[in-house]
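S.K.: My structure is stored as query-v9.cif, with mmCIF, C-alpha atoms and all ligand atoms.
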data_query
loop_
_atom_site.label_atom_id
_atom_site.label_comp_id
_atom_site.auth_asym_id
_atom_site.auth_seq_id
_atom_site.Cartn_x
_atom_site.Cartn_y
_atom_site.Cartn_z
CA MET V 1013 -5.08 -19.07 -16.78
CA SER V 1014 -7.67 -17.87 -19.27
CA ARG V 1015 -11.25 -16.65 -19.16
CA ALA V 1016 -13.86 -19.19 -20.24
CA LYS V 1017 -16.38 -16.58 -21.30
CA PRO V 1018 -16.70 -15.31 -24.86
CA ALA V 1019 -14.62 -12.31 -25.81
CA ALA V 1020 -16.19 -9.42 -23.93
CA PRO V 1021 -16.25 -5.91 -25.29
CA ARG V 1022 -15.13 -4.61 -21.91
CA ARG V 1023 -11.38 -4.55 -21.40
CA PRO V 1024 -10.36 -6.07 -18.05
CA LEU V 1025 -9.07 -3.66 -15.42
CA ILE V 1026 -7.06 -4.69 -12.38
CA ALA V 1027 -6.45 -2.00 -9.78
CA GLY V 1028 -4.30 -2.28 -6.67
CA ASN V 1029 -5.38 -0.31 -3.62
CA TRP V 1030 -2.29 -0.01 -1.45
CA LYS V 1031 -4.26 1.71 1.34
CA MET V 1032 -1.91 3.22 3.99
CA HIS V 1033 1.08 1.07 3.04
CA ARG V 1034 4.51 1.81 1.60
CA THR V 1035 6.69 4.87 2.11
CA ALA V 1036 7.98 6.69 -0.96
CA SER V 1037 11.23 4.69 -0.99
CA ASP V 1038 9.41 1.37 -0.57
CA THR V 1039 7.11 2.46 -3.38
CA ARG V 1040 9.98 2.64 -5.86
CA THR V 1041 10.97 -0.95 -5.11
CA LEU V 1042 7.42 -2.30 -5.34
CA ILE V 1043 6.69 -0.42 -8.57
CA GLU V 1044 9.93 -1.72 -10.11
CA ASP V 1045 8.98 -5.28 -9.15
CA ILE V 1046 5.49 -4.91 -10.62
CA VAL V 1047 6.76 -3.32 -13.84
CA LYS V 1048 9.21 -6.21 -14.38
CA ARG V 1049 6.35 -8.69 -14.18
CA VAL V 1050 3.64 -6.90 -16.15
CA ASP V 1051 5.90 -5.47 -18.81
CA ARG V 1052 4.34 -7.50 -21.64
CA VAL V 1053 0.73 -7.54 -20.49
CA ALA V 1054 -1.45 -5.93 -23.12
CA TYR V 1055 -4.85 -7.52 -22.46
CA ALA V 1056 -5.78 -5.52 -19.37
CA ASP V 1057 -5.62 -2.05 -17.90
CA ILE V 1058 -3.46 -2.04 -14.79
CA VAL V 1059 -3.73 0.62 -12.10
CA VAL V 1060 -1.83 1.08 -8.84
CA CYS V 1061 -3.13 3.39 -6.10
CA PRO V 1062 -0.40 4.21 -3.57
CA PRO V 1063 -0.84 6.71 -0.69
CA PHE V 1064 -0.68 10.41 -1.63
CA THR V 1065 2.89 10.82 -0.34
CA SER V 1066 4.10 8.02 -2.60
CA LEU V 1067 2.51 9.34 -5.79
CA PRO V 1068 5.52 11.45 -6.90
CA ALA V 1069 7.90 8.49 -6.39
CA ALA V 1070 5.49 6.17 -8.21
CA HIS V 1071 5.10 8.66 -11.06
CA GLU V 1072 8.84 9.06 -11.41
CA THR V 1073 9.51 5.32 -11.28
CA LEU V 1074 6.79 4.50 -13.81
CA GLY V 1075 7.89 7.14 -16.30
CA ARG V 1076 5.63 8.87 -18.74
CA HIS V 1077 4.57 6.00 -20.96
CA SER V 1078 4.15 3.13 -18.58
CA ILE V 1079 1.43 0.57 -19.22
CA ILE V 1080 0.63 0.92 -15.52
CA ALA V 1081 -1.64 3.85 -14.70
CA LEU V 1082 -1.53 5.68 -11.42
CA GLY V 1083 -4.56 6.06 -9.18
CA ALA V 1084 -5.31 7.90 -5.94
CA GLN V 1085 -7.36 6.55 -3.04
CA THR V 1086 -9.65 9.57 -2.68
CA MET V 1087 -9.83 13.27 -3.55
CA HIS V 1088 -11.79 16.38 -2.60
CA SER V 1089 -14.46 17.65 -4.96
CA ALA V 1090 -13.23 21.27 -4.90
CA LYS V 1091 -10.41 22.56 -7.07
CA GLU V 1092 -8.78 24.29 -4.08
CA GLY V 1093 -9.81 25.96 -0.84
CA ALA V 1094 -9.78 25.87 2.96
CA PHE V 1095 -10.01 22.10 3.31
CA THR V 1096 -7.20 21.09 5.64
CA GLY V 1097 -5.68 17.74 4.86
CA GLU V 1098 -7.46 17.33 1.54
CA ILE V 1099 -6.10 16.85 -2.00
CA SER V 1100 -7.77 18.09 -5.19
CA GLY V 1101 -8.07 16.69 -8.68
CA PRO V 1102 -5.61 19.13 -10.28
CA MET V 1103 -3.05 18.29 -7.55
CA LEU V 1104 -3.36 14.62 -8.45
CA ARG V 1105 -3.14 15.28 -12.17
CA GLU V 1106 0.18 17.04 -11.64
CA PHE V 1107 1.67 13.70 -10.58
CA GLY V 1108 0.28 11.77 -13.52
CA VAL V 1109 -2.72 10.35 -11.66
CA ARG V 1110 -5.44 9.07 -14.01
CA TYR V 1111 -7.82 7.15 -11.75
CA VAL V 1112 -9.27 7.86 -8.33
CA ILE V 1113 -11.01 5.45 -5.95
CA LEU V 1114 -14.14 7.06 -4.49
CA GLY V 1115 -16.46 5.84 -1.72
CA HIS V 1116 -14.24 2.99 -0.57
CA SER V 1117 -15.99 1.33 2.37
CA GLU V 1118 -13.13 2.30 4.71
CA ARG V 1119 -13.70 5.95 3.81
CA ARG V 1120 -17.46 5.55 4.07
CA GLN V 1121 -16.95 4.00 7.52
CA PHE V 1122 -14.12 6.10 8.99
CA ASP V 1123 -14.38 9.40 7.11
CA HIS V 1124 -18.13 9.81 6.67
CA GLU V 1125 -17.94 9.63 2.91
CA THR V 1126 -21.64 9.62 2.03
CA ASP V 1127 -23.22 8.79 -1.34
CA ALA V 1128 -23.78 12.53 -1.87
CA LYS V 1129 -20.08 13.26 -1.30
CA VAL V 1130 -19.11 10.42 -3.60
CA ALA V 1131 -21.43 11.80 -6.29
CA ALA V 1132 -19.87 15.28 -6.01
CA LYS V 1133 -16.38 13.77 -6.14
CA ALA V 1134 -17.21 11.61 -9.17
CA ILE V 1135 -18.45 14.67 -11.08
CA ALA V 1136 -15.34 16.63 -10.03
CA ALA V 1137 -13.07 13.71 -10.98
CA VAL V 1138 -14.19 13.65 -14.61
CA HIS V 1139 -14.15 17.44 -14.70
CA PHE V 1140 -10.45 17.24 -13.79
CA HIS V 1141 -9.82 14.40 -16.26
CA LEU V 1142 -9.62 11.62 -13.70
CA ARG V 1143 -11.43 8.29 -14.03
CA PRO V 1144 -13.52 7.58 -10.94
CA ILE V 1145 -13.63 4.05 -9.50
CA VAL V 1146 -16.85 4.31 -7.49
CA CYS V 1147 -17.10 1.67 -4.74
CA VAL V 1148 -20.34 0.18 -3.45
CA GLY V 1149 -21.02 -2.77 -1.17
CA GLU V 1150 -23.20 -4.12 1.59
CA THR V 1151 -22.23 -5.02 5.16
CA LEU V 1152 -22.61 -8.54 6.56
CA THR V 1153 -25.66 -7.46 8.58
CA GLN V 1154 -27.28 -6.07 5.44
CA ARG V 1155 -26.53 -9.25 3.48
CA GLU V 1156 -27.92 -11.45 6.23
CA ALA V 1157 -31.05 -9.28 6.33
CA LYS V 1158 -31.39 -9.83 2.56
CA GLU V 1159 -30.95 -6.13 1.91
CA THR V 1160 -28.05 -6.46 -0.53
CA ALA V 1161 -30.07 -5.60 -3.65
CA SER V 1162 -31.72 -2.52 -2.17
CA ILE V 1163 -28.50 -1.23 -0.55
CA ILE V 1164 -26.57 -1.63 -3.80
CA GLU V 1165 -29.31 0.04 -5.83
CA THR V 1166 -29.41 3.03 -3.47
CA GLN V 1167 -25.62 3.36 -3.40
CA VAL V 1168 -25.27 3.17 -7.19
CA ARG V 1169 -28.14 5.57 -7.89
CA SER V 1170 -27.09 8.10 -5.25
CA SER V 1171 -23.33 7.89 -5.86
CA LEU V 1172 -23.91 8.57 -9.57
CA ALA V 1173 -26.50 11.32 -9.14
CA GLY V 1174 -25.73 14.09 -11.62
CA PHE V 1175 -22.90 12.18 -13.28
CA PRO V 1176 -22.44 13.65 -16.78
CA PRO V 1177 -23.74 11.14 -19.38
CA ASP V 1178 -21.07 12.18 -21.88
CA GLN V 1179 -18.37 11.00 -19.42
CA LEU V 1180 -19.70 7.49 -18.84
CA GLU V 1181 -16.80 5.86 -20.65
CA GLU V 1182 -14.52 7.22 -17.90
CA LEU V 1183 -16.54 5.60 -15.11
CA VAL V 1184 -15.63 2.37 -13.32
CA ILE V 1185 -17.73 0.74 -10.58
CA ALA V 1186 -16.27 -1.55 -7.93
CA TYR V 1187 -18.56 -3.93 -6.08
CA GLU V 1188 -16.86 -4.59 -2.75
CA PRO V 1189 -18.93 -6.43 -0.15
CA VAL V 1190 -17.75 -4.87 3.11
CA TRP V 1191 -17.65 -8.27 4.83
CA ALA V 1192 -15.10 -9.49 2.27
CA ILE V 1193 -12.62 -6.60 2.50
CA GLY V 1194 -9.43 -7.53 4.29
CA THR V 1195 -11.17 -10.43 6.01
CA GLY V 1196 -10.05 -13.33 3.83
CA LYS V 1197 -13.76 -14.09 3.22
CA VAL V 1198 -14.31 -13.81 -0.49
CA ALA V 1199 -17.75 -13.71 -2.11
CA THR V 1200 -18.43 -16.85 -4.11
CA PRO V 1201 -18.19 -16.26 -7.86
CA LYS V 1202 -21.98 -16.62 -8.08
CA GLN V 1203 -22.65 -14.21 -5.20
CA ALA V 1204 -20.38 -11.65 -6.83
CA ASN V 1205 -21.70 -12.17 -10.35
CA ASP V 1206 -25.32 -11.87 -9.21
CA VAL V 1207 -24.65 -8.43 -7.78
CA HIS V 1208 -22.62 -7.40 -10.83
CA GLN V 1209 -25.54 -8.45 -13.01
CA GLN V 1210 -27.90 -6.35 -10.90
CA ILE V 1211 -25.56 -3.33 -11.15
CA ARG V 1212 -25.26 -3.82 -14.92
CA LYS V 1213 -29.06 -3.82 -15.34
CA LEU V 1214 -29.33 -0.72 -13.21
CA LEU V 1215 -26.62 1.08 -15.19
CA VAL V 1216 -28.43 0.27 -18.43
CA SER V 1217 -31.72 1.48 -17.00
CA LEU V 1218 -30.07 4.70 -15.81
CA PHE V 1219 -27.91 5.45 -18.83
CA GLY V 1220 -29.21 3.36 -21.72
CA PRO V 1221 -26.97 1.11 -23.84
CA THR V 1222 -23.83 3.04 -22.79
CA GLY V 1223 -24.38 1.56 -19.34
CA SER V 1224 -23.36 -1.83 -20.67
CA ALA V 1225 -19.86 -0.55 -21.48
CA ILE V 1226 -19.09 0.57 -17.92
CA ARG V 1227 -16.62 -1.76 -16.24
CA ILE V 1228 -17.64 -3.35 -12.94
CA LEU V 1229 -14.79 -4.67 -10.78
CA TYR V 1230 -15.07 -7.10 -7.89
CA GLY V 1231 -13.14 -6.35 -4.69
CA GLY V 1232 -12.86 -8.18 -1.39
CA SER V 1233 -10.02 -10.58 -0.51
CA VAL V 1234 -9.10 -11.25 -4.14
CA LYS V 1235 -6.05 -13.53 -4.19
CA PRO V 1236 -4.28 -15.54 -6.90
CA GLU V 1237 -6.13 -18.65 -5.69
CA ASN V 1238 -9.67 -17.27 -6.05
CA ALA V 1239 -9.14 -14.76 -8.88
CA PRO V 1240 -9.52 -17.21 -11.82
CA ASP V 1241 -13.02 -18.28 -10.75
CA LEU V 1242 -14.08 -14.68 -10.17
CA MET V 1243 -12.58 -13.30 -13.37
CA THR V 1244 -14.30 -15.90 -15.55
CA GLN V 1245 -17.75 -14.72 -14.43
CA PRO V 1246 -19.54 -13.03 -17.33
CA ASP V 1247 -20.33 -9.81 -15.47
CA ILE V 1248 -17.02 -9.32 -13.66
CA ASP V 1249 -14.70 -7.06 -15.62
CA GLY V 1250 -11.71 -7.02 -13.30
CA ALA V 1251 -10.70 -6.58 -9.69
CA LEU V 1252 -9.96 -3.97 -7.08
CA VAL V 1253 -7.26 -5.67 -5.02
CA GLY V 1254 -6.18 -4.59 -1.55
CA GLY V 1255 -3.73 -6.74 0.41
CA ALA V 1256 -2.58 -8.92 -2.49
CA SER V 1257 -1.61 -5.87 -4.57
CA LEU V 1258 1.32 -5.26 -2.19
CA ASP V 1259 2.94 -8.48 -3.36
CA SER V 1260 4.14 -8.06 -6.94
CA GLN V 1261 3.93 -11.77 -7.78
CA ALA V 1262 0.42 -12.13 -6.32
CA PHE V 1263 -0.71 -8.97 -8.12
CA PHE V 1264 0.71 -10.30 -11.39
CA ASP V 1265 -1.00 -13.67 -10.91
CA ILE V 1266 -4.33 -11.88 -10.42
CA ILE V 1267 -3.72 -9.83 -13.58
CA GLU V 1268 -2.98 -13.09 -15.42
CA SER V 1269 -6.32 -14.50 -14.32
CA ALA V 1270 -8.07 -11.70 -16.20
CA ARG V 1271 -6.46 -12.67 -19.49
CA PRO V 1272 -9.28 -13.15 -22.02
CA ALA V 1273 -9.48 -16.56 -23.67
CA ARG V 1274 -7.20 -16.81 -26.69
CA ALA V 1275 -5.48 -13.50 -25.96
CA SER V 1276 -1.73 -13.63 -26.37
CA ASP V 1277 0.64 -11.30 -24.54
CA HIS V 1278 0.56 -8.99 -27.50
CA ASP V 1279 -3.20 -8.93 -28.17
C1 LIG U 1 -9.82 -3.08 -0.96
O1 LIG U 1 -9.13 -2.45 -0.19
O2 LIG U 1 -10.48 -2.48 -1.82
C2 LIG U 1 -9.86 -4.53 -0.84
C3 LIG U 1 -10.67 -5.20 -1.61
O3 LIG U 1 -9.01 -5.10 0.08
P1 LIG U 1 -8.64 -6.66 0.20
O4 LIG U 1 -8.32 -7.16 -1.18
O5 LIG U 1 -7.43 -6.69 1.10
O6 LIG U 1 -9.82 -7.35 0.78
#
Give the structure from this file in structure tokens form.
Ligand code: PEP
M.R.:
Amino acid sequence: MSRAKPAAPRRPLIAGNWKMHRTASDTRTLIEDIVKRVDRVAYADIVVCPPFTSLPAAHETLGRHSIIALGAQTMHSAKEGAFTGEISGPMLREFGVRYVILGHSERRQFDHETDAKVAAKAIAAVHFHLRPIVCVGETLTQREAKETASIIETQVRSSLAGFPPDQLEELVIAYEPVWAIGTGKVATPKQANDVHQQIRKLLVSLFGPTGSAIRILYGGSVKPENAPDLMTQPDIDGALVGGASLDSQAFFDIIESARPARASDHD
């Protein structure tokens, strides 16, 4: 499957959010299965985000020079301190982690992760050499009340408050409509692209031309069946995949759908 849009300057990125799934031993098996499938993929950045306890096993299984990067599902903004149950950037770096998901709707909902906390974490992430994947998205009630545009604008502005402009190339945004996460209800390609376009304009207005290089991923019930139509949208630069990333074949099929037109395995 190939992308119909003209060659985009933004390299596709497909990230798997494993959420609270897979023990360390199960992680080794899943990572091995994914590696076998994506071994020759050179057209996209691939990230897997297992639970904290599985990061050492994932790191060991991937080895130092894997084409798959490791991500975490959250982090604390402080380097260390009296924060029971939390994990810091330097702790993640020690296990080869290069990306970190911030402000996922499940953390916003269940762990009171506010825009202000996300902003502090995003700044800390780049300080500790981690690439933040900052999640934003509206609820079903907000969409039905036609508040999507204003909610997204507020979340993007506030979650990026104080973000260092010289670190913008490290930043990734994920648009994840809350009503589409884990529900099987996917946004239509047009619904998703419209919001991506809005986020893109906002990023350019906030950061100037560099804003157009920031990758914006779509997340919310992405599956092999719907990925091709989403990935061919001009403003969608990849996917943040939950459930389907736990199935190596499904995850690979989604990665395949992000292959730019005319790209060969070795491009
Ligand atoms: C997610 O967890 O970020 C997500 C999009 O989940 P799912 O793909 O299962 O909807």
S.K.: Excluding same-chain residues fewer than 4 positions from Glu1150 in chain V, what lies within 6 Å of it counting all atoms listed in the file, as a list in words?
M.R.: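 Here the answer would be Gln1154, Thr1160, Pro1189 and Val1190 of chain V.
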S.K.: Compute the set of protein, DNA and RNA residues whose minimum atom distance to ligand LIG 1 (chain U) is at most 9 Å, using only C-alpha atoms and all ligand atoms, and state it as a VMD selection string.
M.R.: chain V and resid 1027 to 1031 1113 1116 to 1118 1147 1186 1188 to 1198 1230 to 1235 1251 to 1257
S.K.: Hey, can you check how far CA of Leu1067 in chain V sits from CA of Gln1179 in chain V?
M.R.: 25.0 Å
S.K.: Name the residues in contact with Arg1212 in chain V at a cut-off of 8 Å, using all atoms listed in the file, excluding same-chain residues fewer than 2 positions from it; report them as a tab-separated table (two decimals) with C-alpha atoms, in the frame of the given file.
M.R.:
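Writing the result to around29.tsv gives the following:
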chain	number	residue	atom	x	y	z
V	1208	HIS	CA	-22.62	-7.40	-10.83
V	1209	GLN	CA	-25.54	-8.45	-13.01
V	1210	GLN	CA	-27.90	-6.35	-10.90
V	1214	LEU	CA	-29.33	-0.72	-13.21
V	1215	LEU	CA	-26.62	1.08	-15.19
V	1216	VAL	CA	-28.43	0.27	-18.43
V	1223	GLY	CA	-24.38	1.56	-19.34
V	1224	SER	CA	-23.36	-1.83	-20.67
V	1228	ILE	CA	-17.64	-3.35	-12.94
V	1247	ASP	CA	-20.33	-9.81	-15.47
S.K.: May I have the residues within 8 Å of Ile1043 in chain V as a PyMOL selection string, using all atoms listed in the file and disregarding those fewer than 3 positions away in the same chain?
M.R.: chain V and resi 1039-1040+1046-1047+1070+1073-1074
